[in-house]
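Have a look at upload32.cif below; it lists mmCIF, C-alpha atoms.
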data_input
loop_
_atom_site.label_atom_id
_atom_site.label_comp_id
_atom_site.auth_asym_id
_atom_site.auth_seq_id
_atom_site.Cartn_x
_atom_site.Cartn_y
_atom_site.Cartn_z
CA MET A 1 1.47 -12.83 163.12
CA GLU A 2 -0.99 -13.00 160.25
CA PRO A 3 -0.02 -11.07 157.12
CA ARG A 4 -2.07 -7.94 156.49
CA PRO A 5 -4.32 -8.20 153.44
CA GLN A 6 -3.05 -6.32 150.46
CA LYS A 7 -4.71 -3.12 149.45
CA GLY A 8 -7.71 -3.77 147.23
CA THR A 9 -8.06 -7.43 148.23
CA PHE A 10 -11.49 -6.95 149.80
CA PHE A 11 -12.76 -5.07 146.73
CA ARG A 12 -11.51 -7.79 144.40
CA GLU A 13 -12.86 -10.71 146.45
CA LYS A 14 -16.23 -9.28 147.45
CA ILE A 15 -17.04 -7.12 144.41
CA LEU A 16 -15.12 -7.96 141.23
CA ASN A 17 -15.11 -11.69 141.96
CA ASN A 18 -18.85 -11.92 142.56
CA LYS A 19 -20.93 -12.09 139.37
CA PHE A 20 -24.19 -11.40 141.18
CA VAL A 21 -22.82 -8.26 142.85
CA VAL A 22 -21.26 -6.96 139.62
CA TYR A 23 -24.39 -7.45 137.52
CA THR A 24 -26.60 -6.06 140.31
CA ILE A 25 -24.47 -2.90 140.54
CA ILE A 26 -24.58 -2.43 136.76
CA ILE A 27 -28.37 -2.83 136.64
CA PHE A 28 -28.77 -0.53 139.66
CA ILE A 29 -26.63 2.21 138.08
CA LEU A 30 -28.55 2.00 134.80
CA SER A 31 -31.90 2.05 136.61
CA MET A 32 -30.95 5.05 138.76
CA THR A 33 -29.67 6.89 135.68
CA ILE A 34 -32.93 6.32 133.80
CA PHE A 35 -34.98 7.25 136.89
CA SER A 36 -32.98 10.44 137.46
CA LEU A 37 -33.31 11.51 133.82
CA SER A 38 -37.08 10.94 133.96
CA LYS A 39 -37.34 13.27 136.97
CA ILE A 40 -35.34 16.11 135.45
CA GLY A 41 -36.81 15.95 131.97
CA PHE A 42 -37.76 19.66 132.05
CA ILE A 43 -34.08 20.56 132.50
CA LEU A 44 -33.12 18.43 129.53
CA ILE A 45 -35.63 20.04 127.13
CA PRO A 46 -33.18 22.75 125.87
CA ILE A 47 -30.48 20.09 125.52
CA SER A 48 -32.92 17.87 123.62
CA ILE A 49 -33.83 20.71 121.24
CA PHE A 50 -30.14 21.48 120.70
CA ILE A 51 -29.36 17.83 119.97
CA LYS A 52 -32.29 17.54 117.54
CA THR A 53 -31.11 20.69 115.76
CA ILE A 54 -27.54 19.55 115.23
CA ALA A 55 -28.17 15.80 115.00
CA LEU A 56 -29.08 15.56 111.31
CA PRO A 57 -26.19 17.65 109.89
CA ILE A 58 -23.70 15.87 112.17
CA ILE A 59 -25.04 12.45 111.18
CA LEU A 60 -24.90 13.34 107.47
CA ALA A 61 -21.39 14.77 107.90
CA GLY A 62 -20.29 11.63 109.75
CA ILE A 63 -21.60 9.37 106.99
CA CYS A 64 -19.89 11.48 104.31
CA PHE A 65 -16.68 11.49 106.38
CA TYR A 66 -16.52 7.69 106.45
CA LEU A 67 -17.26 7.58 102.72
CA PHE A 68 -14.73 10.17 101.53
CA ASN A 69 -11.98 10.10 104.15
CA PRO A 70 -10.23 7.07 102.56
CA LEU A 71 -9.92 9.00 99.29
CA VAL A 72 -8.46 12.06 101.08
CA ASP A 73 -6.01 9.81 102.96
CA PHE A 74 -5.00 8.17 99.69
CA LEU A 75 -4.26 11.53 98.02
CA GLU A 76 -2.36 12.67 101.10
CA ARG A 77 -0.19 9.53 100.99
CA LYS A 78 0.58 10.36 97.35
CA GLY A 79 2.04 13.70 98.41
CA VAL A 80 -0.99 15.97 97.93
CA LYS A 81 -1.62 18.33 100.84
CA ARG A 82 -4.71 17.42 102.82
CA ILE A 83 -6.51 20.73 102.22
CA ILE A 84 -5.83 20.45 98.47
CA SER A 85 -7.12 16.86 98.56
CA ILE A 86 -10.33 18.04 100.22
CA LEU A 87 -10.81 20.82 97.64
CA VAL A 88 -10.26 18.31 94.80
CA LEU A 89 -12.82 16.02 96.43
CA TYR A 90 -15.34 18.87 96.67
CA ILE A 91 -14.86 19.68 92.97
CA VAL A 92 -15.49 16.02 92.07
CA ILE A 93 -18.59 15.89 94.31
CA ILE A 94 -19.99 19.10 92.77
CA GLY A 95 -19.43 17.68 89.29
CA ALA A 96 -21.09 14.38 90.20
CA LEU A 97 -24.07 16.21 91.74
CA ALA A 98 -24.43 18.34 88.61
CA ILE A 99 -24.55 15.21 86.45
CA ILE A 100 -27.08 13.53 88.76
CA ILE A 101 -29.30 16.61 88.94
CA SER A 102 -29.31 17.07 85.18
CA SER A 103 -29.79 13.41 84.24
CA VAL A 104 -31.72 11.78 87.10
CA ILE A 105 -33.88 14.46 88.70
CA PRO A 106 -36.02 15.38 85.63
CA PRO A 107 -37.17 11.81 84.84
CA LEU A 108 -37.61 11.11 88.55
CA LYS A 109 -39.78 14.22 88.93
CA ASN A 110 -41.86 13.16 85.94
CA GLN A 111 -42.44 9.71 87.41
CA VAL A 112 -43.40 11.14 90.81
CA ASP A 113 -45.82 13.62 89.23
CA ARG A 114 -47.33 10.89 87.07
CA LEU A 115 -47.72 8.59 90.09
CA ILE A 116 -49.47 11.30 92.13
CA ASP A 117 -51.82 12.10 89.24
CA ASN A 118 -52.63 8.41 88.78
CA ILE A 119 -53.34 7.61 92.45
CA PRO A 120 -57.17 7.66 92.03
CA GLU A 121 -56.90 5.51 88.91
CA LEU A 122 -54.48 3.14 90.64
CA THR A 123 -56.90 2.79 93.55
CA HIS A 124 -59.69 1.87 91.13
CA ASP A 125 -57.40 -0.55 89.29
CA VAL A 126 -56.47 -2.32 92.53
CA GLN A 127 -60.11 -2.81 93.44
CA HIS A 128 -60.94 -3.98 89.91
CA ALA A 129 -58.03 -6.44 89.88
CA VAL A 130 -59.02 -7.87 93.27
CA THR A 131 -62.64 -8.19 92.10
CA ASN A 132 -61.57 -10.08 88.96
CA LEU A 133 -59.39 -12.30 91.10
CA SER A 134 -62.28 -13.07 93.44
CA ASN A 135 -64.45 -14.07 90.46
CA ASN A 136 -61.95 -16.71 89.45
CA ARG A 137 -63.52 -20.14 89.99
CA TYR A 138 -60.49 -21.68 91.70
CA VAL A 139 -59.89 -18.64 93.88
CA GLU A 140 -63.57 -18.53 94.82
CA GLN A 141 -63.51 -22.17 95.91
CA GLY A 142 -60.41 -21.56 97.98
CA LEU A 143 -61.94 -18.50 99.64
CA GLN A 144 -65.14 -20.37 100.43
CA SER A 145 -63.17 -23.16 102.07
CA ALA A 146 -61.23 -20.55 104.06
CA ASN A 147 -64.42 -18.61 104.88
CA THR A 148 -62.95 -15.36 103.49
CA ASP A 149 -64.76 -12.57 101.63
CA LEU A 150 -62.22 -11.11 99.20
CA ASP A 151 -64.68 -8.50 97.91
CA LYS A 152 -65.10 -7.12 101.42
CA ILE A 153 -61.31 -7.06 101.85
CA SER A 154 -61.02 -5.19 98.54
CA LYS A 155 -63.58 -2.57 99.56
CA ASP A 156 -61.95 -2.10 102.96
CA ALA A 157 -58.52 -1.74 101.37
CA SER A 158 -59.82 0.78 98.84
CA LYS A 159 -61.54 2.71 101.64
CA HIS A 160 -58.33 2.92 103.66
CA LEU A 161 -56.31 3.86 100.58
CA SER A 162 -58.78 6.61 99.66
CA LYS A 163 -58.71 7.89 103.23
CA TYR A 164 -54.91 7.95 103.12
CA VAL A 165 -54.93 9.84 99.81
CA SER A 166 -57.50 12.36 101.07
CA GLY A 167 -55.39 12.98 104.16
CA PHE A 168 -52.27 13.43 102.08
CA SER A 169 -52.85 17.18 101.73
CA SER A 170 -53.06 17.62 105.51
CA GLY A 171 -49.54 16.29 105.81
CA ILE A 172 -48.10 18.74 103.29
CA VAL A 173 -47.22 21.24 106.03
CA ASN A 174 -45.23 18.66 108.01
CA PHE A 175 -43.62 17.44 104.81
CA VAL A 176 -42.55 20.97 103.88
CA GLY A 177 -41.13 21.45 107.37
CA THR A 178 -39.14 18.23 107.07
CA ILE A 179 -37.83 19.23 103.64
CA THR A 180 -36.81 22.63 105.05
CA GLU A 181 -34.92 20.95 107.88
CA ILE A 182 -33.13 18.64 105.43
CA ILE A 183 -32.24 21.57 103.14
CA LEU A 184 -30.76 23.52 106.07
CA SER A 185 -28.81 20.44 107.17
CA VAL A 186 -27.47 19.92 103.65
CA ALA A 187 -26.54 23.62 103.48
CA VAL A 188 -24.27 23.41 106.55
CA LEU A 189 -23.03 19.90 105.66
CA PRO A 190 -20.06 21.03 103.48
CA PHE A 191 -18.65 23.20 106.29
CA ILE A 192 -18.91 20.47 108.96
CA LEU A 193 -17.54 17.87 106.55
CA PHE A 194 -14.59 20.10 105.64
CA TYR A 195 -13.40 20.35 109.24
CA LEU A 196 -14.07 16.65 109.85
CA LEU A 197 -11.93 15.70 106.85
CA LYS A 198 -9.26 18.21 107.86
CA ASP A 199 -8.99 17.41 111.59
CA GLY A 200 -11.17 14.32 112.09
CA LYS A 201 -8.27 11.91 112.46
CA ASN A 202 -7.01 13.97 115.44
CA LEU A 203 -10.37 13.78 117.24
CA PRO A 204 -9.56 10.54 119.15
CA ASN A 205 -6.40 12.15 120.54
CA TYR A 206 -8.40 15.14 121.78
CA ILE A 207 -10.88 12.80 123.49
CA VAL A 208 -8.14 10.66 125.05
CA LYS A 209 -6.42 13.73 126.53
CA LEU A 210 -9.52 14.33 128.68
CA LEU A 211 -9.07 10.95 130.40
CA PRO A 212 -6.65 9.90 133.17
CA ASN A 213 -3.26 8.66 131.98
CA ARG A 214 -3.87 5.07 133.05
CA SER A 215 -7.07 4.89 130.97
CA ARG A 216 -5.75 6.40 127.75
CA SER A 217 -4.35 3.25 126.15
CA GLU A 218 -7.60 1.34 126.72
CA ALA A 219 -9.62 4.32 125.47
CA LYS A 220 -7.57 4.36 122.26
CA PHE A 221 -8.41 0.68 121.67
CA ILE A 222 -12.12 1.34 122.28
CA LEU A 223 -12.20 4.34 119.94
CA ALA A 224 -10.28 2.40 117.28
CA ASP A 225 -12.76 -0.50 117.50
CA MET A 226 -15.72 1.89 117.33
CA ASN A 227 -14.22 3.65 114.32
CA HIS A 228 -13.59 0.33 112.55
CA ALA A 229 -17.13 -0.92 113.23
CA LEU A 230 -18.76 2.30 112.02
CA SER A 231 -16.59 2.76 108.94
CA ALA A 232 -17.00 -0.86 107.81
CA TYR A 233 -20.77 -0.80 108.29
CA ILE A 234 -21.49 2.65 106.77
CA ARG A 235 -19.32 2.19 103.68
CA GLY A 236 -20.46 -1.36 103.11
CA GLN A 237 -24.16 -0.72 103.61
CA ILE A 238 -24.23 2.32 101.32
CA PHE A 239 -22.28 0.59 98.55
CA VAL A 240 -24.54 -2.47 98.80
CA ALA A 241 -27.64 -0.25 98.64
CA ILE A 242 -26.31 1.54 95.54
CA CYS A 243 -25.54 -1.78 93.82
CA ILE A 244 -29.03 -3.11 94.58
CA GLY A 245 -30.66 0.11 93.33
CA VAL A 246 -28.73 -0.05 90.05
CA LEU A 247 -29.47 -3.77 89.54
CA LEU A 248 -33.18 -3.31 90.26
CA PHE A 249 -33.37 -0.33 87.90
CA ILE A 250 -31.82 -2.41 85.11
CA GLY A 251 -34.15 -5.32 85.92
CA TYR A 252 -37.25 -3.10 85.99
CA LEU A 253 -36.30 -1.62 82.61
CA ILE A 254 -35.83 -5.10 81.14
CA ILE A 255 -39.27 -6.33 82.27
CA GLY A 256 -40.94 -2.99 81.38
CA LEU A 257 -42.23 -2.13 84.87
CA ASP A 258 -43.71 1.37 85.23
CA TYR A 259 -41.98 3.92 87.48
CA ALA A 260 -38.74 1.92 87.24
CA LEU A 261 -36.46 4.76 88.36
CA LEU A 262 -38.69 5.77 91.29
CA LEU A 263 -39.08 2.18 92.51
CA ALA A 264 -35.34 1.53 92.19
CA ILE A 265 -34.49 4.65 94.21
CA ILE A 266 -37.01 3.64 96.90
CA ALA A 267 -35.33 0.22 97.06
CA MET A 268 -31.87 1.80 97.24
CA VAL A 269 -32.86 4.10 100.12
CA THR A 270 -34.73 1.48 102.14
CA ASN A 271 -31.94 -1.08 101.68
CA VAL A 272 -29.87 0.99 104.10
CA VAL A 273 -32.00 -0.73 106.76
CA PRO A 274 -30.90 -4.40 106.96
CA TYR A 275 -33.45 -7.21 106.50
CA LEU A 276 -36.55 -4.99 106.81
CA GLY A 277 -35.52 -2.60 104.02
CA PRO A 278 -36.01 -5.04 101.12
CA ILE A 279 -39.45 -6.01 102.46
CA ILE A 280 -40.50 -2.35 102.53
CA ALA A 281 -39.01 -1.74 99.07
CA ILE A 282 -40.82 -4.57 97.29
CA ILE A 283 -44.34 -3.56 98.43
CA PRO A 284 -44.83 -0.63 95.98
CA ALA A 285 -43.26 -2.69 93.20
CA ILE A 286 -45.72 -5.53 93.87
CA ILE A 287 -48.66 -3.10 93.75
CA ILE A 288 -47.55 -1.62 90.41
CA ALA A 289 -46.88 -5.09 88.95
CA PHE A 290 -50.21 -6.45 90.27
CA ILE A 291 -52.11 -3.64 88.54
CA THR A 292 -50.21 -4.15 85.29
CA SER A 293 -50.76 -7.90 84.85
CA PRO A 294 -50.31 -11.25 86.64
CA PHE A 295 -47.42 -12.05 84.30
CA MET A 296 -45.67 -8.84 85.43
CA LEU A 297 -45.81 -10.19 88.98
CA VAL A 298 -43.97 -13.29 87.79
CA LYS A 299 -41.33 -11.18 86.03
CA LEU A 300 -40.97 -8.99 89.13
CA ALA A 301 -40.45 -12.09 91.29
CA ILE A 302 -37.72 -13.29 88.92
CA VAL A 303 -35.95 -9.90 89.02
CA TRP A 304 -36.06 -9.75 92.81
CA ALA A 305 -34.89 -13.36 93.14
CA VAL A 306 -31.90 -12.69 90.88
CA VAL A 307 -30.99 -9.42 92.64
CA GLN A 308 -31.31 -10.93 96.11
CA LEU A 309 -29.22 -13.91 95.03
CA LEU A 310 -26.50 -11.62 93.70
CA GLU A 311 -26.68 -9.51 96.84
CA GLY A 312 -26.48 -12.46 99.21
CA LYS A 313 -23.87 -14.51 97.37
CA VAL A 314 -21.69 -11.91 95.62
CA ILE A 315 -22.20 -8.27 96.62
CA SER A 316 -22.52 -8.40 100.42
CA PRO A 317 -19.75 -10.99 100.98
CA GLN A 318 -17.36 -8.95 98.83
CA ILE A 319 -18.25 -5.50 100.18
CA MET A 320 -19.50 -6.13 103.70
CA GLY A 321 -17.79 -9.39 104.62
CA ARG A 322 -18.54 -9.97 108.28
CA SER A 323 -18.00 -6.37 109.33
CA LEU A 324 -20.59 -6.68 112.11
CA ASP A 325 -20.89 -10.00 113.86
CA ILE A 326 -24.55 -9.53 114.81
CA HIS A 327 -27.24 -12.20 114.57
CA PRO A 328 -30.09 -11.34 112.13
CA ILE A 329 -32.75 -11.76 114.85
CA THR A 330 -30.84 -9.29 117.04
CA VAL A 331 -30.70 -6.82 114.14
CA ILE A 332 -34.47 -7.04 113.60
CA PHE A 333 -35.25 -6.55 117.31
CA VAL A 334 -32.83 -3.61 117.52
CA ILE A 335 -34.38 -1.93 114.44
CA LEU A 336 -37.95 -2.40 115.68
CA THR A 337 -37.11 -1.07 119.16
CA ALA A 338 -35.16 1.93 117.84
CA GLY A 339 -37.96 2.68 115.36
CA ASN A 340 -40.57 2.79 118.14
CA LEU A 341 -38.34 4.99 120.30
CA PHE A 342 -36.84 7.41 117.78
CA GLY A 343 -38.76 7.01 114.50
CA ILE A 344 -37.06 7.00 111.10
CA ILE A 345 -33.75 8.28 112.47
CA GLY A 346 -33.77 5.44 115.00
CA ILE A 347 -34.33 2.86 112.26
CA ILE A 348 -31.42 4.20 110.22
CA LEU A 349 -29.03 4.50 113.17
CA ALA A 350 -30.13 1.37 115.03
CA VAL A 351 -27.49 -1.04 113.72
CA PRO A 352 -24.44 1.29 113.83
CA GLY A 353 -25.54 2.51 117.26
CA TYR A 354 -25.83 -1.07 118.44
CA ALA A 355 -22.39 -1.80 117.00
CA VAL A 356 -20.85 1.06 119.01
CA LEU A 357 -22.68 -0.01 122.16
CA LYS A 358 -21.51 -3.57 121.62
CA VAL A 359 -17.89 -2.41 121.40
CA ILE A 360 -18.19 -0.46 124.67
CA ILE A 361 -19.91 -3.31 126.53
CA THR A 362 -17.37 -5.82 125.19
CA HIS A 363 -14.49 -3.75 126.56
CA ILE A 364 -16.24 -3.33 129.92
CA TYR A 365 -16.73 -7.09 130.05
CA GLN A 366 -13.05 -7.66 129.22
CA PHE A 367 -12.05 -5.24 131.99
CA ILE A 368 -14.13 -7.15 134.54
CA ARG A 369 -12.84 -10.45 133.21
CA LEU A 370 -9.18 -9.43 133.51
CA ASN A 371 -9.60 -7.89 136.97
CA SER A 372 -11.72 -10.59 138.51
CA THR A 373 -11.38 -14.27 139.40
CA MET A 374 -15.00 -14.96 138.47
CA TYR A 375 -13.72 -16.35 135.16
CA PRO A 376 -11.12 -19.05 135.93
CA ASP A 377 -10.66 -19.83 132.23
CA LYS A 378 -9.41 -16.31 131.38
CA LYS A 379 -6.19 -16.02 129.49
CA ALA A 380 -3.17 -14.60 131.25
#
Could you quickly redo this structure as structure tokens?
Amino acid sequence: MEPRPQKGTFFREKILNNKFVVYTIIIFILSMTIFSLSKIGFILIPISIFIKTIALPIILAGICFYLFNPLVDFLERKGVKRIISILVLYIVIIGALAIIISSVIPPLKNQVDRLIDNIPELTHDVQHAVTNLSNNRYVEQGLQSANTDLDKISKDASKHLSKYVSGFSSGIVNFVGTITEIILSVAVLPFILFYLLKDGKNLPNYIVKLLPNRSRSEAKFILADMNHALSAYIRGQIFVAICIGVLLFIGYLIIGLDYALLLAIIAMVTNVVPYLGPIIAIIPAIIIAFITSPFMLVKLAIVWAVVQLLEGKVISPQIMGRSLDIHPITVIFVILTAGNLFGIIGIILAVPGYAVLKVIITHIYQFIRLNSTMYPDKKA
């Protein structure tokens, strides 16, 4: 009499042990999910509006939580009650903001106002500098050999720049709306952050309780990995951006570049985006240096080379380490895709979002690997 097959044997042999079937099922489920969502988009509109409304304050609160939670934990370990630690932290933050507002905002506002007032003059200076460059004998010979009309390029660039400046006023309404949204988000940020700092460490336990008992231990590992990936990336990236902003500000002051504080803050903000951020940050600095003098371009190149060398060899290895094991090409593709799909928010959240998704997919892969014989080299 043949032994009866054990329960689940067919499922293991025909499903979990067949790579083609497993990957086909995964692709089919994802495709059907996307198709279903596309057909019920009208139902999701209120949900989408709700998510857009709460997304920014929650994202800001999450970033602040990862930045300040270690300090609150440290004070709590020293015997200070958690609520008292949070109140002390808020007092320190308010004091730091008061210092920043009184010392940084006035000169920054002056530089922004001066830049806006000088935009027509800067446009003329760019065209004049390009024209002088095109009249250079060596440059002219090179352009003739390359069959390029630099004067035409200069006029086209000035035309587009003037068009952009003239359309600047039409975007004031959208800009004011964005500023209003940010102000409202910042206004509710302290309240969300307070409860995150107070009860945030208990959030994984609340989530795990919603799952079946047999899945809770694995869910805890997944949540712990996600928390580690996010905390390491957010803290590291912000600290690196601040260091780069400070170094560039010092470098710009040394070489005498105009709008040093404004350009350094732009670099600090854009450096939150890996790889593409520094490219975006250097463009306005190049324009200002190009208008000033050719020698200023050389000095700007030296400053950027020194800062990037310090960032690549000293700052990032010490602060970031290898917190996210993601290939640079993957990071660039992820940022470009998220930017096209979700705009600025997508660019900022692309890498941490990818890190979380990578953690989830890695654990799914490990589950399949441990419960299937498709991988004969798996460890026991």
Contacts of Leu60 (chain A) at 9 Å (all atoms listed in the file; same-chain gap of 5+ positions) as a list in words: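 What passes the distance filter is Ala55, Phe65, Ser185, Val186, Leu189 and Leu193 of chain A.
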Among the residues A:Ile192, A:Leu257, A:Val22, A:Ile280, the one that comes closest to Phe295 (chain A) [using only C-alpha atoms]: A:Leu257
Distance criterion (only C-alpha atoms): nearest to Asn110 (chain A) out of A:Ile94, A:Ile47, A:Ile222, A:Ala260: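 Nearest candidate to Asn110 (chain A) out of A:Ile94, A:Ile47, A:Ile222, A:Ala260: A:Ala260.
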Proximity to Ile348 (chain A) - best of A:Val208, A:Val240, A:Ile25, A:Ile63, all atoms listed in the file: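 Among the listed residues, A:Ile63 lies closest to Ile348 (chain A).
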Val331 (chain A) surroundings by only C-alpha atoms, 10 Å radius, close-in-sequence under 2 positions cut, as a ChimeraX atom specification: /A:273-276,326-329,333-337,350-351,354
Next, write the just-selected residues to a file, as a PDB file, in the frame of the given file, keeping C-alpha atoms as the atom set.
ATOM      1  CA  VAL A 273     -32.000  -0.730 106.760  1.00  0.00           C
ATOM      2  CA  PRO A 274     -30.900  -4.400 106.960  1.00  0.00           C
ATOM      3  CA  TYR A 275     -33.450  -7.210 106.500  1.00  0.00           C
ATOM      4  CA  LEU A 276     -36.550  -4.990 106.810  1.00  0.00           C
ATOM      5  CA  ILE A 326     -24.550  -9.530 114.810  1.00  0.00           C
ATOM      6  CA  HIS A 327     -27.240 -12.200 114.570  1.00  0.00           C
ATOM      7  CA  PRO A 328     -30.090 -11.340 112.130  1.00  0.00           C
ATOM      8  CA  ILE A 329     -32.750 -11.760 114.850  1.00  0.00           C
ATOM      9  CA  PHE A 333     -35.250  -6.550 117.310  1.00  0.00           C
ATOM     10  CA  VAL A 334     -32.830  -3.610 117.520  1.00  0.00           C
ATOM     11  CA  ILE A 335     -34.380  -1.930 114.440  1.00  0.00           C
ATOM     12  CA  LEU A 336     -37.950  -2.400 115.680  1.00  0.00           C
ATOM     13  CA  THR A 337     -37.110  -1.070 119.160  1.00  0.00           C
ATOM     14  CA  ALA A 350     -30.130   1.370 115.030  1.00  0.00           C
ATOM     15  CA  VAL A 351     -27.490  -1.040 113.720  1.00  0.00           C
ATOM     16  CA  TYR A 354     -25.830  -1.070 118.440  1.00  0.00           C
TER      17      TYR A 354
END
Expected selection from the PyMOL selection byres ((chain A and resi 62) around 10), given as an NGL selection string: :A and (56-61 or 63-67 or 189 or 192-193 or 196-197 or 200 or 230-231 or 234)
Computed interatomic separation between CA of Ala187 (chain A) and CA of Leu108 (chain A) (Å):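 Separation between CA of Ala187 (chain A) and CA of Leu108 (chain A): 22.4 Å.
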Separation of CA of Tyr252 (chain A) from CA of Leu300 (chain A) in Å: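 CA of Leu300 (chain A) sits 7.6 Å away from CA of Tyr252 (chain A).
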Resolved residues for the PyMOL selection byres ((chain A and resi 225) around 12) as a PyMOL selection string: chain A and resi 204+218-224+226-232+323-324+355-363
Around region 212-224 of chain A, with edges along x, y and z and 6 Å added on all six sides, what centre and edge lengths do you get, in Å to one decimal, as JSON?
{"center_x": -7.7, "center_y": 5.3, "center_z": 125.2, "size_x": 20.9, "size_y": 21.2, "size_z": 27.9}
Which of A:Ile54, A:Ala281, A:Val314, A:Pro106 sits closest to Cys243 (chain A) [using only C-alpha atoms]: A:Val314
Of the listed residues A:Leu210, A:Thr53, A:Phe191, A:Met32, that which approaches Ile86 (chain A) most closely, counting only C-alpha atoms: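 Smallest separation from Ile86 (chain A) among the options: A:Phe191.
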